[in-house]
Amino acid sequence: MPTFEEIAAFINEKPLATAVIALLSLAGLALAFLIIRIAWKAFAWSFARYVAPRPIEDVLTIAAASIATGVSAQGMWRFSEDVLGLDGPLRLLLFAFIEIAIITSAVRARRNMRENFSAGIDGIAVWALTCLTAVLSSMDARSLPEAVFRLAAPLVAAWLWERGMAIERHRIRGTGRINWRLTPERILVRLGLAEVSDRTASDVDAHRRLTRVALAAKRAKALREAGAPERKMRAALAKLDKAMDQAVEHTGLAVDPARQEALLAQIAALYNTSALIDADPRVPWEHDAEQHPVPARPALPPALAELVNDEDEDVEVLDTTPQVVSTAERAALMRAAREYWDRQIAKGIVPRTVDIAQEIGISLATAREYRALWKLEPQAHALIEALYQQHGIVDTGAFPVIGADGRVLTKH
């Protein structure tokens with residue numbers, strides 16, 4: 001590097017050459033500044049156009065896939081020289097033909113995804129070509145770790161591409177990933193270590209105890225009908241008695257109407273298993289006549305459309321005598337009454353005692369017992385409160401008399 005004295009001597013000896021060099025240097029600096037500025041603007045435009053709108057995970061995916069593709073191309077560069085014997089410009093032109101084919105197939109697969117909602121044959125080609133370049137580049141490795149690394153790099157790039165395609169597929173088609181049949185959650189449920197629903201431990205324990213009672217009752221009934229020996233009958237009845245004792249002790253079966261109904265429903269289902277052979281269920285698209293809305297009576301206000309001007313004592317009931325039915329029949333009648341009650345409540349109607357008795361064919365006493373329990377539920381209670389606030393109706397189980405003009409004759 002020349003010293004300061006040498007530079008000063010050169011300027012004194014050749015002032016014209018010094019001026020030309022200074023002008024060329026300034027022009028070079030100006031040109032370099034312009035090139036850097038243009039490059040910076042191009043970079044900023046490209047970043048704002050292609051990088052900024054993308055999520056950060058897409059940007060990282062593209063960067064990582066590019067690096068992995070570069071590693072794969074470097075392996076093919078060595079393979080083309082050591083194995084194929086290519087050198088010079090021919091080697092430069094031909095070494096990365098597989099990587100270019102992978103990028104081309106990936107671009108085509110993405111276009112197919114946007115137009116046809118599927119990657120198609122190009123998606124398969126990406127994986128096939130990736131495996132090919134991974135194997136070829138690893139064949140020229142000098143050690144086992146290098147071979148593993150050259151095998152892994154292209155597969156990592158393909159995996160990142162596949163994940164990006166999966167996200168875009170979900171965004172376009174609105175479909176999610178597949179649901180694996182073998183998951184830790186399902187294994188724990190299968191082993192009995194986890195619960196499939198959000199039931200509490202007490203609910204699960206109560207359900208299991210009630211199920212034991214129902215199964216023990218079915219077993220004892222089957223033995224009795226089959227004429228089993230007295231020894232087997234005693235053992236079955238003892239098991240049933242033990243299960244019932246535990247259910248009463250731990251589930252509150254004696255005082256909980258919901259648990260009682262659940263037990264009766266299980267017993268009814270187990271006792272009538274053979275009836276499933278002759279069952280004729282409706283197809284899903286067939287309309288149920290009972291689900292059709294009941295038209296309101298034109299002479300009455302809409303809120304009172306289902307109230308009639310008769311009391312319980314003035315309406316003929318299908319069966320006014322005390323009913324003596326089996327456990328299964330009682331459970332079936334209770335379920336039918338509950339279904340009728342839920343349908344009417346969904347329509348905004350609070351059924352009367354006589355309505356339940358007429359619809360199901362049960363006694364007024366039984367219907368009144370059911371109604372007294374169900375009317376305390378939030379939805380039915382809200383309807384009763386609305387009728388009282390809007391029309392002054394006091395719920396007595398029969399509702400007040402309505403005059404011919406639609407006027408409500410309340411009783412306080």
# chains A, B, ... in the order shown; residues from 1 in each chain; ligands from 1
call {"tool": "residues_around", "arguments": {"residues": "segment 160-163 of chain A", "least_positions_apart": "5", "cutoff": "9 Å", "atoms": "only C-alpha atoms", "output": "list in words"}}
result
Thr61, Ile62, Ala64, Ala65, Ala106, Gly123, Leu155 and Glu168 of chain A
call {"tool": "write_last_selection", "arguments": {"atoms": "all heavy atoms", "output": "PDB file, in the first residue's frame"}}
result
ATOM      1  N   THR A  61     -40.899 -21.633   6.366  1.00  0.00           N
ATOM      2  CA  THR A  61     -40.959 -22.875   5.586  1.00  0.00           C
ATOM      3  C   THR A  61     -40.215 -22.727   4.273  1.00  0.00           C
ATOM      4  O   THR A  61     -39.425 -23.604   3.872  1.00  0.00           O
ATOM      5  CB  THR A  61     -42.423 -23.253   5.324  1.00  0.00           C
ATOM      6  OG1 THR A  61     -43.087 -23.509   6.571  1.00  0.00           O
ATOM      7  CG2 THR A  61     -42.512 -24.493   4.454  1.00  0.00           C
ATOM      8  N   ILE A  62     -40.442 -21.595   3.583  1.00  0.00           N
ATOM      9  CA  ILE A  62     -39.759 -21.362   2.301  1.00  0.00           C
ATOM     10  C   ILE A  62     -38.249 -21.248   2.511  1.00  0.00           C
ATOM     11  O   ILE A  62     -37.445 -21.802   1.738  1.00  0.00           O
ATOM     12  CB  ILE A  62     -40.320 -20.099   1.638  1.00  0.00           C
ATOM     13  CG1 ILE A  62     -41.784 -20.323   1.249  1.00  0.00           C
ATOM     14  CG2 ILE A  62     -39.503 -19.732   0.411  1.00  0.00           C
ATOM     15  CD1 ILE A  62     -42.472 -19.078   0.721  1.00  0.00           C
ATOM     16  N   ALA A  64     -36.378 -22.521   5.007  1.00  0.00           N
ATOM     17  CA  ALA A  64     -35.795 -23.814   5.360  1.00  0.00           C
ATOM     18  C   ALA A  64     -35.785 -24.760   4.173  1.00  0.00           C
ATOM     19  O   ALA A  64     -34.802 -25.496   3.948  1.00  0.00           O
ATOM     20  CB  ALA A  64     -36.566 -24.429   6.529  1.00  0.00           C
ATOM     21  N   ALA A  65     -36.842 -24.751   3.363  1.00  0.00           N
ATOM     22  CA  ALA A  65     -36.872 -25.617   2.184  1.00  0.00           C
ATOM     23  C   ALA A  65     -35.818 -25.204   1.167  1.00  0.00           C
ATOM     24  O   ALA A  65     -35.205 -26.063   0.509  1.00  0.00           O
ATOM     25  CB  ALA A  65     -38.266 -25.578   1.555  1.00  0.00           C
ATOM     26  N   ALA A 106     -43.519 -28.846  -7.694  1.00  0.00           N
ATOM     27  CA  ALA A 106     -44.130 -28.207  -6.536  1.00  0.00           C
ATOM     28  C   ALA A 106     -45.007 -27.030  -6.943  1.00  0.00           C
ATOM     29  O   ALA A 106     -46.110 -26.837  -6.422  1.00  0.00           O
ATOM     30  CB  ALA A 106     -43.056 -27.756  -5.556  1.00  0.00           C
ATOM     31  N   GLY A 123     -48.048 -33.664  -7.069  1.00  0.00           N
ATOM     32  CA  GLY A 123     -47.703 -33.847  -5.663  1.00  0.00           C
ATOM     33  C   GLY A 123     -46.958 -35.143  -5.427  1.00  0.00           C
ATOM     34  O   GLY A 123     -46.011 -35.203  -4.629  1.00  0.00           O
ATOM     35  N   LEU A 155     -35.568 -34.756   2.096  1.00  0.00           N
ATOM     36  CA  LEU A 155     -36.825 -35.180   2.720  1.00  0.00           C
ATOM     37  C   LEU A 155     -37.382 -34.091   3.626  1.00  0.00           C
ATOM     38  O   LEU A 155     -38.603 -33.918   3.727  1.00  0.00           O
ATOM     39  CB  LEU A 155     -36.596 -36.475   3.509  1.00  0.00           C
ATOM     40  CG  LEU A 155     -36.175 -37.680   2.670  1.00  0.00           C
ATOM     41  CD1 LEU A 155     -35.931 -38.883   3.566  1.00  0.00           C
ATOM     42  CD2 LEU A 155     -37.235 -38.008   1.624  1.00  0.00           C
ATOM     43  N   GLU A 168     -52.670 -24.852   3.096  1.00  0.00           N
ATOM     44  CA  GLU A 168     -53.410 -24.222   1.997  1.00  0.00           C
ATOM     45  C   GLU A 168     -54.624 -25.051   1.615  1.00  0.00           C
ATOM     46  O   GLU A 168     -55.687 -24.508   1.292  1.00  0.00           O
ATOM     47  CB  GLU A 168     -52.490 -24.054   0.789  1.00  0.00           C
ATOM     48  CG  GLU A 168     -53.141 -23.293  -0.345  1.00  0.00           C
ATOM     49  CD  GLU A 168     -52.149 -22.875  -1.404  1.00  0.00           C
ATOM     50  OE1 GLU A 168     -50.942 -23.116  -1.204  1.00  0.00           O
ATOM     51  OE2 GLU A 168     -52.573 -22.322  -2.422  1.00  0.00           O
TER      52      GLU A 168
END
call {"tool": "residues_around", "arguments": {"residues": "Thr251 of chain A", "least_positions_apart": "6", "cutoff": "9 Å", "atoms": "only C-alpha atoms", "output": "PyMOL selection string"}}
result
chain A and resi 202-203+205-207+209-210+259
call {"tool": "residues_around", "arguments": {"residues": "Ile103 of chain A", "least_positions_apart": "2", "cutoff": "12 Å", "atoms": "only C-alpha atoms", "output": "list in words"}}
result
Ile62, Ala65, Ser66, Thr69, Gly70, Ala96, Phe97, Ile98, Glu99, Ile100, Ala101, Ser105, Ala106, Val107, Arg108, Ala109, Arg110, Asp122, Gly123, Ala125, Val126, Trp127, Leu129, Thr130, Pro154, Ala157, Ala158 and Trp161 of chain A
call {"tool": "select_by_dssp", "arguments": {"residues": "segment 24-228 of chain A", "states": "alpha helix (DSSP H)", "output": "MDAnalysis selection string"}}
result
chainID A and resid 24:46 56:82 89:94 97:116 120:139 144:173 184:190 201:225
